[in-house]
Each structure stands twice: as structure tokens, then as C-alpha cells.
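> I have a structure I would like to understand better, so I am pasting it below and will then ask my questions one at a time.
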Amino acid sequence: MKLTLKIWRQKNAQDKGGIVEYPIDGIEPDMSFLEMLDVLNEQLINKGEEPVAFDHDCREGICGMCSLFINGEAHGPDRGVTTCQLHMRMFKDGDTIFIEPFRAKAFPVIKDLVVDRSSFDRIQHAGGFISVNTSGNTIDANTIPINKHDADKSFDAAACIGCGACVATCKNSSAMLFVAAKVSQFALLPQGKVEAVDRVLNMVHHMDLEGFGNCTNTGACEVECPKGISLENIARMNREYLSASLKG
């Protein structure tokens, strides 16, 4: 495959940045998108040019680091996959591909396609924990009866990998789906009830402090989420927040 890549290059957060065009040839359809970028970077290095900076780690769709905006879509044109799981067979020979970082005030660009998503970490630190003893003399999980429906919903919410696709997709750069998933995975389980009130109040408050926008109710976040996190979690978080506000 012969492709034209139009990639956002930016030295740092203070740099204006811009799109730079790179022609590339010899790309196999079975390559992953990141492997294609590896090929490009090898060519750039061999020519003595600066390689394109992009995030990656596990390359198995688990860590959520490979967050790229490809042709106007978070993680590209496929569904239910992260960028590292996107394959070049989704594109055609001769295509022009635009590659940009996730755009959000709360995700400042570090360099090129790499953004700082530590705002997600700070939101979780604000309330995403339980005080139940999880070391030493732990109680076997099976001794705590949990409705299977609730357990399944909690596992579904816990599948969120914090990649930020929901934020990048939302026209208001809202983090509601991410925060709702983290609230829901605890709200549905008895172990999470102890801090339930403080958790949702603190996490939502910190989400606002980080500069994320309001929910647009368009559902684009669920569509682009590589793990299919449901909008039901946002409804659950809203109920939790209203209940906690009344108790507070």
C-alpha cells in the first residue's frame, strides 16, 4: 500500500504546531496502525529526521495509551478497538490519512501525538478507592453475596481503560463517560458503598476542576469507546450524585 500521512507535529505545549505531510510506501494490510507508524519513524530516523512521538505500551488493547485521532475519529474507523488493534486493511491503497492527538483543554499536548492525560488519574485519586481491607486477612469474595446482574454491570463498567476516546469525541470534551464508569464499578458492589457519597461528589467536582466540559447527550462517547462503555453509567452516576447531594 502507498499512503499519504498528514500528521500533527508539535514540539511542546507552547509550540503552535501544524500538519506535516509524509508519503509512505510498502505498507502491508495486515500491519497494525502503530506498526505502520513504526515503519515511518524508522524511515525518518534513517534520514536523520525527528521521529513522530506517539504513545503506546501493551499493544493489546488493554492499557489505553495508544490514543490517536485518525481521520476525525478516536482510534480510527473501526469499532470496538483501540488504535493498536486497528489494522491497515481498514484503509485503501492511495488513501490520505490524517493523524492528530486527542484534543481537549484537560489533555494538553506534550509532543506531537502525545497528550498529558494525568487529569484522569487525579479524578480517580479524588475518590476512586474503597476502604475495605484488601490485604492481609481478606475475606473470600465468594462469601459476599452479590446479585449477578449487578456484578455483570460492575465488570462492564470496570472494562474502561481510561484511553480518553470519550473526551476526544465529545464536542464539549466531556469526561462524563469515564467518570461514570469509575463511579459505577464501585456503586454497584457492596464494597463500594462505604465511600459512595464522598466518591461521586469528589470525582465529579474534580472533573469540573480539571476543565472537562458538560455532557452533550449525543451518545458519541459510547459509539467511539473501544470497550463499549454504556451511557447507562452516566445515568447511574447522575442518580448517585443527586442522592449524595441530598444526603450532604
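Letters A, B, ... go to the chains of the C-alpha cells in the order shown; residues in each chain start at 1; ligands are counted from 1 in the same order.
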Using only C-alpha atoms, which protein or nucleic acid residues come within 9 Å of Pro101 (chain A)? Drop anything in the same chain fewer than 5 positions from it, and give the result as a list in words.

Trp8, Phe54, Ser67, Leu68, Phe69, Ile70, Val109, Asp112, Leu113, Val114, Val115 and Ala168 of chain A

> Step one, run DSSP on the backbone; step two, keep only residues of region 73-210 of chain A assigned to alpha helix (DSSP H); then write them as number ranges by chain.

A: 118-125, 148-158, 165-169, 176-187, 196-209

> Which neighbours of Ile234 (chain A) fall inside 10 Å, counting only C-alpha atoms, when residues of the same chain fewer than 2 positions from it are skipped, and could you give them as a PyMOL selection string?

chain A and resi 176-181+183-184+215+217+229-232+236-240

> Extract, using only C-alpha atoms, all DNA, RNA and protein residues at most 8 Å from Arg79 (chain A), discarding same-chain residues fewer than 3 positions from it, and format them as a PyMOL selection string.

chain A and resi 223-224+226

> Using only C-alpha atoms, determine which residues lie at most 12 Å from region 141-153 of chain A, disregarding the query and same-chain residues fewer than 3 positions distant; provide the list as an MDAnalysis selection string.

chainID A and resid 132:134 138 156:159 181:191 229:230 232:233 236

> If you run DSSP on the backbone, which residues of region 40-223 of chain A are strand (DSSP E or B), as a list in words?

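Selecting the strand (DSSP E or B) positions of region 40-223 of chain A gives Phe69, Ile70, Glu73, Ala74, His87, Thr96, Ile97, Phe98, Ile99, Glu100, Val109, Ile110, Lys111, Val114, Val115, Ser174 and Gly213 of chain A.
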
> Could you dump the residues just selected with C-alpha atoms as a JSON list (two decimals), in the first residue's frame?


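Saved result, selection-v6.json, follows:
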```json
[["chain", "number", "residue", "atom", "x", "y", "z"],
["A", 69, "PHE", "CA", -7.45, 10.83, 16.34],
["A", 70, "ILE", "CA", -7.47, 9.24, 12.88],
["A", 73, "GLU", "CA", -12.38, 9.57, 14.70],
["A", 74, "ALA", "CA", -10.93, 8.49, 18.03],
["A", 87, "HIS", "CA", -5.21, -2.68, 11.05],
["A", 96, "THR", "CA", -4.66, 10.11, 2.69],
["A", 97, "ILE", "CA", -4.77, 9.63, 6.46],
["A", 98, "PHE", "CA", -4.95, 12.49, 8.94],
["A", 99, "ILE", "CA", -3.41, 11.67, 12.34],
["A", 100, "GLU", "CA", -3.85, 14.06, 15.26],
["A", 109, "VAL", "CA", -0.16, 18.23, 24.12],
["A", 110, "ILE", "CA", 3.25, 17.07, 25.37],
["A", 111, "LYS", "CA", 4.77, 16.46, 21.93],
["A", 114, "VAL", "CA", 1.34, 12.55, 22.86],
["A", 115, "VAL", "CA", -1.03, 14.25, 25.30],
["A", 174, "SER", "CA", -16.73, 15.89, 28.50],
["A", 213, "GLY", "CA", -16.94, 20.18, 29.52]]
```

> Find the spatial neighbours of Lys2 (chain A), counting only C-alpha atoms, within a cut-off of 10 Å - ignore same-chain residues fewer than 3 positions away - and output them as a PyMOL selection string.

chain A and resi 5+23-28+92-96

> Can I get the selection written as a PDB file, in the first residue's frame, with C-alpha atoms?


```
ATOM      1  CA  LEU A   5       0.095  10.615   6.041  1.00  0.00           C
ATOM      2  CA  PRO A  23       4.418   9.842   1.856  1.00  0.00           C
ATOM      3  CA  ILE A  24       4.897   6.180   2.791  1.00  0.00           C
ATOM      4  CA  ASP A  25       5.071   3.019   0.703  1.00  0.00           C
ATOM      5  CA  GLY A  26       5.297  -0.738   1.230  1.00  0.00           C
ATOM      6  CA  ILE A  27       2.648  -0.914   3.955  1.00  0.00           C
ATOM      7  CA  GLU A  28       1.076  -4.347   4.365  1.00  0.00           C
ATOM      8  CA  LYS A  92      -7.168   1.595   0.784  1.00  0.00           C
ATOM      9  CA  ASP A  93      -4.078   1.983  -1.370  1.00  0.00           C
ATOM     10  CA  GLY A  94      -3.626   5.658  -2.178  1.00  0.00           C
ATOM     11  CA  ASP A  95      -5.550   6.921   0.863  1.00  0.00           C
ATOM     12  CA  THR A  96      -4.664  10.115   2.687  1.00  0.00           C
TER      13      THR A  96
END
```

> Find the residues near region 62-65 of chain A: any atom within 7 Å, counting only C-alpha atoms, skip ones fewer than 6 places away on the same chain, and give them as number ranges by chain.

A: 55-56, 161-163
